[in-house]
$ cat model-v8.txt   # compact mmCIF, C-alpha atoms
# COMPACT_ATOMS: atom_id res chain seq x y z
CA MET A 13 54.05 122.01 60.02
CA ASN A 14 55.71 122.25 56.62
CA LYS A 15 59.33 121.23 56.31
CA ILE A 16 61.64 124.17 55.41
CA ILE A 17 64.91 123.62 53.54
CA TRP A 18 67.75 125.53 51.90
CA VAL A 19 68.64 124.38 48.36
CA LYS A 20 71.56 125.39 46.17
CA SER A 21 72.12 125.54 42.38
CA LYS A 22 74.44 127.08 39.80
CA CYS A 23 72.88 130.14 38.12
CA ASP A 24 74.47 132.36 35.44
CA ASP A 25 71.42 134.59 34.86
CA TYR A 26 69.80 135.59 38.14
CA TYR A 27 66.77 137.48 36.71
CA LYS A 28 65.96 134.76 34.20
CA PHE A 29 66.00 132.23 37.03
CA ILE A 30 63.65 134.39 39.16
CA ASN A 31 61.19 134.66 36.29
CA LYS A 32 61.11 130.87 35.99
CA LEU A 33 60.38 130.54 39.70
CA GLN A 34 57.51 133.04 39.43
CA TYR A 35 56.12 131.19 36.41
CA LEU A 36 56.16 127.92 38.42
CA ARG A 37 54.46 129.74 41.35
CA ILE A 38 57.02 128.56 43.87
CA ASN A 39 56.83 130.44 47.16
CA ILE A 40 60.35 131.71 48.02
CA ILE A 41 60.81 132.48 51.75
CA GLU A 42 64.34 133.83 51.31
CA ILE A 43 66.86 134.01 48.45
CA LYS A 44 70.62 134.63 48.28
CA TYR A 45 72.94 134.98 45.29
CA GLU A 46 76.70 134.49 45.73
CA ASN A 47 79.50 133.69 43.23
CA LYS A 48 77.02 132.42 40.59
CA ASN A 49 75.42 130.15 43.20
CA ILE A 50 71.80 130.77 44.13
CA TYR A 51 70.41 129.70 47.51
CA LEU A 52 66.66 129.29 48.04
CA LYS A 53 64.83 128.93 51.34
CA ILE A 54 61.64 127.08 50.43
CA GLU A 55 59.14 124.53 51.63
CA ALA A 56 60.39 121.00 50.98
CA LYS A 57 57.29 120.18 48.91
CA TYR A 58 58.56 122.46 46.11
CA LEU A 59 61.84 120.54 45.62
CA GLU A 60 60.24 117.88 43.43
CA LYS A 61 58.70 120.62 41.23
CA LEU A 62 62.08 122.34 40.82
CA ASN A 63 63.81 119.12 39.82
CA LYS A 64 61.01 118.27 37.37
CA TYR A 65 60.74 121.60 35.48
CA LEU A 66 64.20 123.12 35.94
CA VAL A 67 66.27 120.05 35.09
CA SER A 68 69.39 121.92 33.97
CA TYR A 69 69.89 123.63 37.34
CA LYS A 70 70.51 120.49 39.49
CA PHE A 71 69.26 121.52 42.92
CA LYS A 72 71.01 120.24 46.07
CA VAL A 73 69.66 120.35 49.65
CA VAL A 74 72.27 122.04 51.82
CA LYS A 75 70.36 122.43 55.08
CA GLU A 76 67.14 121.34 56.78
CA LEU A 77 65.52 123.71 59.29
CA GLY A 78 63.42 123.41 62.43
CA ILE A 79 62.54 120.08 64.00
CA TYR A 80 63.66 118.23 60.88
CA ASN A 81 67.15 119.60 61.28
CA ILE A 82 67.23 118.33 64.85
CA ILE A 83 65.91 114.91 63.78
CA ASN A 84 68.52 114.74 61.02
CA LYS A 85 71.32 115.58 63.47
CA ILE A 86 70.05 112.91 65.85
CA LYS A 87 70.12 110.37 63.03
CA LYS A 88 73.66 111.34 62.03
CA ASN A 89 74.90 111.20 65.63
CA TYR A 90 72.82 108.20 66.67
CA ILE A 91 75.77 106.10 67.84
CA TYR A 92 77.31 108.98 69.82
CA LEU A 93 74.02 109.98 71.47
CA THR A 94 73.18 106.36 72.28
CA SER A 95 76.63 105.87 73.81
CA LEU A 96 76.21 109.08 75.80
CA LEU A 97 72.81 107.96 77.13
CA ILE A 98 74.16 104.52 78.05
CA GLY A 99 77.15 106.20 79.72
CA ILE A 100 74.87 108.43 81.82
CA ILE A 101 72.75 105.44 82.87
CA LEU A 102 75.88 103.42 83.74
CA PHE A 103 77.28 106.38 85.68
CA ILE A 104 74.09 106.67 87.75
CA ILE A 105 74.12 102.91 88.42
CA MET A 106 77.84 102.76 89.19
CA SER A 107 77.73 105.80 91.49
CA ASN A 108 75.32 103.87 93.69
CA MET A 109 77.41 100.69 93.77
CA ILE A 110 80.34 99.55 95.91
CA PHE A 111 83.57 99.04 93.97
CA LYS A 112 85.96 98.52 96.87
CA ILE A 113 85.76 97.67 100.57
CA ASN A 114 88.71 98.52 102.82
CA ILE A 115 88.61 96.73 106.18
CA ILE A 116 91.15 98.69 108.19
CA HIS A 117 92.80 96.62 110.92
CA GLU A 118 96.22 95.03 111.34
CA ASN A 119 94.84 91.67 112.55
CA LYS A 120 94.12 89.35 109.59
CA GLU A 121 91.67 87.21 111.60
CA ILE A 122 89.60 90.27 112.53
CA ARG A 123 89.57 91.44 108.88
CA GLU A 124 88.35 88.03 107.70
CA LEU A 125 85.69 87.93 110.46
CA ILE A 126 84.32 91.34 109.42
CA LYS A 127 84.39 90.39 105.72
CA GLU A 128 82.26 87.30 106.41
CA GLU A 129 79.77 89.39 108.40
CA LEU A 130 79.55 92.04 105.67
CA ASP A 131 78.93 89.34 103.04
CA GLU A 132 75.99 88.03 105.08
CA TYR A 133 74.48 91.54 105.16
CA GLY A 134 74.99 91.93 101.38
CA ILE A 135 77.78 94.48 101.69
CA LYS A 136 80.18 93.30 99.00
CA VAL A 137 81.94 94.54 95.85
CA LEU A 138 79.53 95.36 92.96
CA SER A 139 76.53 95.43 95.29
CA PHE A 140 74.40 98.54 95.80
CA LYS A 141 75.17 100.87 98.68
CA LYS A 142 73.01 100.82 101.79
CA SER A 143 71.69 103.92 103.53
CA TYR A 144 73.44 105.41 106.55
CA LYS A 145 70.55 104.22 108.73
CA GLU A 146 70.94 100.63 107.48
CA LEU A 147 74.73 100.74 107.97
CA ASP A 148 74.33 102.02 111.52
CA LYS A 149 71.96 99.14 112.31
CA ILE A 150 74.35 96.57 110.78
CA LYS A 151 77.28 98.02 112.74
CA GLN A 152 75.43 97.69 116.05
CA GLU A 153 74.35 94.12 115.31
CA ILE A 154 77.93 93.06 114.54
CA LEU A 155 79.26 94.73 117.73
CA ASP A 156 76.55 93.00 119.81
CA LYS A 157 77.43 89.65 118.20
CA TYR A 158 81.16 89.85 119.12
CA PRO A 159 81.39 91.79 122.42
CA ASP A 160 84.59 89.95 123.43
CA LYS A 161 86.38 90.66 120.14
CA LEU A 162 85.20 94.08 118.94
CA ASP A 163 85.29 97.33 120.88
CA TRP A 164 84.37 99.87 118.17
CA MET A 165 83.35 99.88 114.50
CA GLU A 166 82.53 102.58 111.96
CA PHE A 167 81.50 102.75 108.27
CA GLU A 168 82.97 105.56 106.19
CA ILE A 169 81.63 106.09 102.63
CA ASP A 170 84.14 107.68 100.26
CA GLY A 171 82.57 107.83 96.80
CA LEU A 172 82.53 104.27 95.48
CA ILE A 173 84.63 102.98 98.39
CA ILE A 174 83.49 101.87 101.83
CA ASN A 175 86.11 102.04 104.58
CA VAL A 176 85.36 99.89 107.63
CA ARG A 177 87.35 100.97 110.68
CA ILE A 178 87.56 98.61 113.66
CA GLU A 179 89.02 98.65 117.14
CA GLU A 180 89.71 95.22 118.61
CA ARG A 181 88.93 94.54 122.26
CA ILE A 182 92.30 93.70 123.80
CA ILE A 183 92.67 91.94 127.14
CA THR A 184 96.11 92.74 128.46
CA ASP A 185 98.13 89.78 129.73
CA THR A 186 99.79 91.16 132.86
CA THR A 187 101.62 87.88 133.53
CA LYS A 188 103.83 88.13 130.44
CA ASP A 189 107.48 89.03 131.13
CA ASP A 190 109.63 91.14 128.78
CA LYS A 191 112.13 89.25 126.67
CA VAL A 192 115.85 89.29 127.41
CA CYS A 193 117.99 89.13 124.29
CA ASP A 194 121.50 89.69 122.92
CA ILE A 195 122.65 90.97 119.54
CA VAL A 196 124.85 88.43 117.74
CA ALA A 197 126.79 88.38 114.44
CA VAL A 198 125.23 86.53 111.50
CA LYS A 199 128.53 86.58 109.54
CA SER A 200 132.20 87.39 109.96
CA GLY A 201 133.68 90.84 109.32
CA ILE A 202 135.49 93.89 110.70
CA ILE A 203 133.26 96.24 112.71
CA ASN A 204 132.94 99.71 111.13
CA ASP A 205 129.72 101.17 112.59
CA ILE A 206 127.82 100.66 115.90
CA LEU A 207 124.27 102.03 116.39
CA ILE A 208 122.86 100.70 119.68
CA GLU A 209 119.68 101.70 121.55
CA ASN A 210 119.64 99.17 124.44
CA GLY A 211 122.17 96.77 125.92
CA GLU A 212 125.86 96.65 126.80
CA ILE A 213 128.28 96.82 123.82
CA LEU A 214 130.97 94.10 123.85
CA VAL A 215 132.88 95.08 120.65
CA ASN A 216 134.65 98.13 119.26
CA ILE A 217 135.21 99.68 115.84
CA ASN A 218 137.84 97.71 113.80
CA ASP A 219 137.33 94.53 115.88
CA TYR A 220 137.20 91.33 113.83
CA VAL A 221 134.18 89.19 114.74
CA LYS A 222 133.04 85.75 113.62
CA GLU A 223 129.58 84.42 112.89
CA GLY A 224 127.76 83.66 116.18
CA ASP A 225 129.82 86.08 118.33
CA THR A 226 127.81 88.15 120.86
CA LEU A 227 128.13 91.83 119.95
CA VAL A 228 125.75 93.41 122.48
CA THR A 229 124.35 91.73 125.60
CA GLY A 230 121.00 92.29 127.26
CA ILE A 231 122.47 91.53 130.71
CA VAL A 232 123.77 94.95 131.73
CA LYS A 233 126.29 94.77 134.59
CA TYR A 234 127.91 97.22 136.94
CA ASN A 235 131.03 96.25 138.91
CA GLU A 236 130.62 92.61 137.72
CA GLU A 237 127.16 92.44 139.29
CA GLU A 238 123.94 92.06 137.30
CA LYS A 239 121.99 95.31 137.44
CA ARG A 240 119.35 95.13 134.66
CA LEU A 241 117.89 92.69 132.11
CA THR A 242 116.74 94.08 128.74
CA CYS A 243 116.33 93.15 125.11
CA ALA A 244 119.37 94.54 123.35
CA SER A 245 118.41 96.53 120.24
CA GLY A 246 120.26 98.37 117.53
CA GLU A 247 122.38 97.73 114.44
CA ILE A 248 126.04 96.84 113.92
CA TYR A 249 127.72 97.08 110.52
CA ALA A 250 130.93 95.40 109.44
CA THR A 251 133.23 95.31 106.44
CA THR A 252 132.70 92.02 104.61
CA TRP A 253 134.16 90.74 101.36
CA TYR A 254 133.16 88.51 98.45
CA THR A 255 134.92 86.94 95.46
CA VAL A 256 132.81 86.53 92.30
CA ASN A 257 133.74 84.72 89.06
CA VAL A 258 132.04 85.95 85.87
CA LYS A 259 132.18 84.85 82.20
CA ILE A 260 131.26 87.47 79.56
CA PRO A 261 130.83 86.61 75.83
CA PHE A 262 132.28 89.15 73.38
CA ASN A 263 129.33 88.78 70.99
CA TYR A 264 125.87 89.83 72.18
CA ASN A 265 122.46 90.50 70.69
CA GLU A 266 120.75 93.89 70.82
CA TYR A 267 117.19 94.61 69.71
CA ILE A 268 116.82 97.82 67.65
CA GLU A 269 113.45 99.45 66.93
CA THR A 270 112.65 99.46 63.17
CA GLY A 271 110.17 102.34 63.31
CA LYS A 272 107.16 100.13 62.53
CA LYS A 273 104.43 100.32 65.15
CA LYS A 274 100.95 98.99 65.88
CA TYR A 275 98.42 99.74 68.57
CA ASN A 276 96.57 97.48 70.97
CA ILE A 277 94.19 97.75 73.92
CA ILE A 278 95.07 96.11 77.23
CA TRP A 279 92.78 95.80 80.22
CA GLU A 280 94.08 94.95 83.66
CA ASN A 281 92.05 93.59 86.56
CA ASN A 282 93.61 92.70 89.93
CA GLY A 283 97.10 92.81 88.40
CA ASN A 284 96.26 90.47 85.47
CA LYS A 285 96.68 91.98 81.98
CA HIS A 286 94.68 90.87 78.91
CA LEU A 287 95.21 91.80 75.22
CA LEU A 288 92.27 92.85 73.06
CA LEU A 289 94.14 91.96 69.83
CA ARG A 290 96.76 89.26 69.33
CA GLU A 291 100.46 90.18 69.14
CA ARG A 292 101.37 91.09 65.56
CA PHE A 293 105.17 91.45 65.83
CA THR A 294 107.52 88.60 66.77
CA ASN A 295 109.78 90.99 68.71
CA TYR A 296 108.72 94.40 69.93
CA ASN A 297 108.98 96.95 72.73
CA SER A 298 105.74 97.76 74.52
CA TYR A 299 104.81 101.27 75.70
CA LEU A 300 101.63 101.68 77.78
CA LYS A 301 99.48 104.78 78.30
CA ASN A 302 96.76 104.59 80.94
CA ILE A 303 93.46 105.85 79.50
CA LEU A 304 91.06 104.69 82.23
CA LYS A 305 91.44 103.73 85.91
CA VAL A 306 88.60 102.57 88.17
CA PHE A 307 90.06 101.14 91.40
CA ASP A 308 91.73 97.81 90.48
CA PHE A 309 90.61 98.04 86.82
CA ASN A 310 92.93 99.76 84.31
CA LEU A 311 92.58 100.30 80.57
CA TYR A 312 95.75 100.98 78.56
CA LEU A 313 96.59 102.02 75.01
CA GLU A 314 99.62 99.93 74.06
CA THR A 315 102.07 101.03 71.37
CA GLU A 316 103.99 98.03 69.97
CA MET A 317 107.31 99.12 68.41
CA GLU A 318 108.79 96.36 66.22
CA THR A 319 112.42 95.43 66.96
CA GLU A 320 114.99 93.44 65.02
CA LYS A 321 117.92 91.49 66.45
CA VAL A 322 121.39 92.90 65.73
CA THR A 323 124.55 91.04 66.79
CA LYS A 324 127.27 93.30 68.22
CA THR A 325 130.74 92.76 69.69
CA TYR A 326 132.21 94.14 72.92
CA THR A 327 135.72 95.57 73.03
CA GLU A 328 137.93 94.20 75.85
CA GLU A 329 137.26 97.35 77.89
CA GLU A 330 133.49 97.06 77.40
CA ALA A 331 133.51 93.34 78.24
CA LEU A 332 135.50 94.03 81.41
CA GLU A 333 133.06 96.76 82.51
CA MET A 334 130.08 94.48 81.82
CA GLY A 335 131.73 91.70 83.84
CA ILE A 336 132.32 93.98 86.84
CA ASN A 337 128.71 95.24 86.71
CA LYS A 338 127.41 91.67 86.52
CA ALA A 339 129.52 90.66 89.53
CA ILE A 340 128.12 93.59 91.52
CA GLU A 341 124.55 92.69 90.55
CA ASN A 342 125.14 89.08 91.65
CA ILE A 343 126.25 90.32 95.08
CA LYS A 344 123.37 92.83 95.43
CA ILE A 345 120.84 89.99 95.16
CA ASN A 346 121.84 88.82 98.65
CA LEU A 347 122.24 92.29 100.20
CA SER A 348 119.61 94.35 102.01
CA ASP A 349 118.70 97.99 101.36
CA LYS A 350 120.88 98.97 104.32
CA ASP A 351 124.04 97.36 102.88
CA GLU A 352 126.48 99.26 100.68
CA ILE A 353 129.25 98.24 98.25
CA ILE A 354 132.27 100.37 99.14
CA ASP A 355 135.01 99.02 96.85
CA LYS A 356 135.78 96.50 94.09
CA LYS A 357 138.89 95.15 92.38
CA VAL A 358 139.60 92.78 89.49
CA LEU A 359 141.88 90.01 90.76
CA LYS A 360 142.21 88.03 87.51
CA LYS A 361 141.29 88.48 83.83
CA VAL A 362 141.56 85.78 81.14
CA VAL A 363 140.74 86.62 77.49
CA ASN A 364 139.62 83.65 75.34
CA ASP A 365 138.56 83.51 71.67
CA SER A 366 134.92 84.39 72.34
CA THR A 367 134.71 85.09 76.08
CA MET A 368 136.42 86.87 78.94
CA ASP A 369 136.73 85.27 82.41
CA ILE A 370 137.23 87.63 85.35
CA GLU A 371 137.49 87.28 89.12
CA VAL A 372 136.21 90.29 91.07
CA PHE A 373 136.91 91.07 94.76
CA ILE A 374 134.05 93.13 96.28
CA ILE A 375 134.10 94.89 99.67
CA VAL A 376 130.77 95.63 101.39
CA LYS A 377 129.58 97.60 104.41
CA GLU A 378 126.98 95.14 105.66
CA LEU A 379 124.50 94.84 108.52
CA ILE A 380 125.70 91.73 110.38
CA SER A 381 123.67 91.88 113.61
CA THR A 382 120.46 90.16 114.71
CA GLN A 383 118.61 89.71 118.00
CA LYS A 384 118.80 86.40 119.84
CA GLU A 385 116.59 85.70 122.86
CA ILE A 386 118.37 84.32 125.93
CA ILE A 387 116.89 82.32 128.81
CA ILE A 388 117.51 83.60 132.35
CA GLU A 389 117.55 80.95 135.07
CA GLN A 390 114.98 81.34 137.89
CA ASP A 391 117.60 81.85 140.60
CA GLU A 392 119.34 84.73 138.81
CA GLY A 393 118.12 87.82 140.61
CA ILE A 394 118.11 91.44 139.60
CA ASP A 395 119.20 94.15 141.99
$ encode --input "model-v8.txt" --output "structure tokens"
Amino acid sequence: MNKIIWVKSKCDDYYKFINKLQYLRINIIEIKYENKNIYLKIEAKYLEKLNKYLVSYKFKVVKELGIYNIINKIKKNYIYLTSLLIGIILFIIMSNMIFKINIIHENKEIRELIKEELDEYGIKVLSFKKSYKELDKIKQEILDKYPDKLDWMEFEIDGLIINVRIEERIITDTTKDDKVCDIVAVKSGIINDILIENGEILVNINDYVKEGDTLVTGIVKYNEEEKRLTCASGEIYATTWYTVNVKIPFNYNEYIETGKKKYNIIWENNGNKHLLLRERFTNYNSYLKNILKVFDFNLYLETEMETEKVTKTYTEEEALEMGINKAIENIKINLSDKDEIIDKKVLKKVVNDSTMDIEVFIIVKELISTQKEIIIEQDEGID
């Protein structure tokens, strides 16, 4: 099969050019003339003849046709096509592999036991999946091996993840008695909220209590006689207070972005991040864009924005506000999500040459209750 091509050349006199082609006995399959450019569709073997005898026209190949065009495109896109082929092969391989195993059970010992068993059967991360028939056989063998520990087990395949659901065989201990417990104060304060589910309340709103005081008892009485033993449960909040001393410098450093930026690639595996290129700015802000996520593996495009240090100065009002905020943050470190700061007040402010010293009084609504188990003597009966 002869190779067919389109060639192009400048041509001021169309008919003169055609006569030359006829004289050279060149077979023209198709010809076009446009804006003093002539286009010839010819067999590739004639190109050497054109360049040899029509030197002044300077012929240029603009397109190859047929199988040669396809081969040429493959050559030009070799890297892309190779990457695509490798990607397809990797996709087929990866789609038949296990990338994550979830052993679903609240008991850590049971989870570790099942993991060891799965490892022995070759069911592990980055191993190939087994058929449903093989999994069913493995499941039955594990259940038969631990009849006193396992009651039920099931494999669930979700794409590249295998979920292993387990039910533990529980032997109920009927000899175990329920606990009896009180609710006591873990710190001093003035009661402002009582939320109790079980037990007898011993305090009221606005009562002052000290650390260690019993707030709710699990020994519920009626007419001074014991009627029921229970584990007191619920929450009691109190108003508590703190005094915090803070020193704030008037001069502080701020990092301003210069507008210069560079890019980097970061990959993350099991929470550990790794840079592809070394850091190129001494100081910079980092902005990450996730471009690939496969279970615990993440690939990010990082934009590094260069920053420069600028020294600034607080006014007295700004320094005071920063000091109050810092005092609040210091208190929040020791508070729970259920606690709430309800008021604050500056008790003292001292302005020095380069710093400001302040003393801040902070009032908190705080959970102050906790359960404490109590021991009931054998001879104490219950009606």
$ closest_residue --input "model-v8.txt" --among "A:Pro261, A:Leu147, A:Lys321, A:Gly224" --to "A:Gln383" --atoms "all atoms listed in the file"
A:Gly224
$ atom_distance --input "model-v8.txt" --atom1 "atom CA of A:Val363" --atom2 "atom CA of A:Leu332"
9.9 Å
$ residues_around --input "model-v8.txt" --residues "A:Phe309" --least-positions-apart "5" --cutoff "8 Å" --atoms "all atoms listed in the file" --output "list in words"
Trp279, Glu280, Asn281 and Asn282 of chain A
$ residues_around --input "model-v8.txt" --residues "stretch 263-270 of chain A" --least-positions-apart "6" --cutoff "7 Å" --atoms "all atoms listed in the file" --output "list in words"
Met317, Glu318, Thr319, Glu320, Lys321, Val322, Thr323, Lys324, Thr325 and Tyr326 of chain A
$ atom_distance --input "model-v8.txt" --atom1 "atom CA of A:Ser245" --atom2 "atom CA of A:Asn346"
23.2 Å
$ atom_distance --input "model-v8.txt" --atom1 "atom CA of A:Gly283" --atom2 "atom CA of A:Thr315"
19.6 Å
$ closest_residue --input "model-v8.txt" --among "A:Lys112, A:Lys360, A:Lys20, A:Lys127" --to "A:Lys44" --atoms "only C-alpha atoms"
A:Lys20
$ residues_around --input "model-v8.txt" --residues "A:Asn310" --least-positions-apart "3" --cutoff "9 Å" --atoms "only C-alpha atoms" --output "PDB file with C-alpha atoms, in the coordinates of the input"
ATOM      1  CA  ILE A 278      95.070  96.110  77.230  1.00  0.00           C
ATOM      2  CA  TRP A 279      92.780  95.800  80.220  1.00  0.00           C
ATOM      3  CA  GLU A 280      94.080  94.950  83.660  1.00  0.00           C
ATOM      4  CA  ASN A 281      92.050  93.590  86.560  1.00  0.00           C
ATOM      5  CA  LYS A 285      96.680  91.980  81.980  1.00  0.00           C
ATOM      6  CA  ASN A 302      96.760 104.590  80.940  1.00  0.00           C
ATOM      7  CA  ILE A 303      93.460 105.850  79.500  1.00  0.00           C
ATOM      8  CA  LEU A 304      91.060 104.690  82.230  1.00  0.00           C
ATOM      9  CA  LYS A 305      91.440 103.730  85.910  1.00  0.00           C
ATOM     10  CA  VAL A 306      88.600 102.570  88.170  1.00  0.00           C
ATOM     11  CA  PHE A 307      90.060 101.140  91.400  1.00  0.00           C
TER      12      PHE A 307
END
$ closest_residue --input "model-v8.txt" --among "A:Lys222, A:Lys272, A:Lys357, A:Lys61" --to "A:Ile380" --atoms "only C-alpha atoms"
A:Lys222
$ residues_around --input "model-v8.txt" --residues "A:Glu129" --least-positions-apart "4" --cutoff "8 Å" --atoms "all atoms listed in the file" --output "short mmCIF file (atom, residue, chain, number, x, y, z; two decimals) with C-alpha atoms, in the frame of the given file"
data_model
loop_
_atom_site.label_atom_id
_atom_site.label_comp_id
_atom_site.auth_asym_id
_atom_site.auth_seq_id
_atom_site.Cartn_x
_atom_site.Cartn_y
_atom_site.Cartn_z
CA LEU A 125 85.69 87.93 110.46
CA TYR A 133 74.48 91.54 105.16
CA ILE A 154 77.93 93.06 114.54
#
$ residues_around --input "model-v8.txt" --residues "stretch 93-110 of chain A" --least-positions-apart "2" --cutoff "7 Å" --atoms "only C-alpha atoms" --output "list in words"
Asn89, Tyr90, Ile91, Lys112, Lys136, Val137, Leu138, Ser139, Phe140, Lys141, Leu172 and Ile173 of chain A
$ closest_residue --input "model-v8.txt" --among "A:Val67, A:Ile386, A:Ile150, A:Ala339" --to "A:Thr226" --atoms "all atoms listed in the file"
A:Ile386
$ closest_residue --input "model-v8.txt" --among "A:Val192, A:Leu311, A:Leu300, A:Val362" --to "A:Ile388" --atoms "only C-alpha atoms"
A:Val192
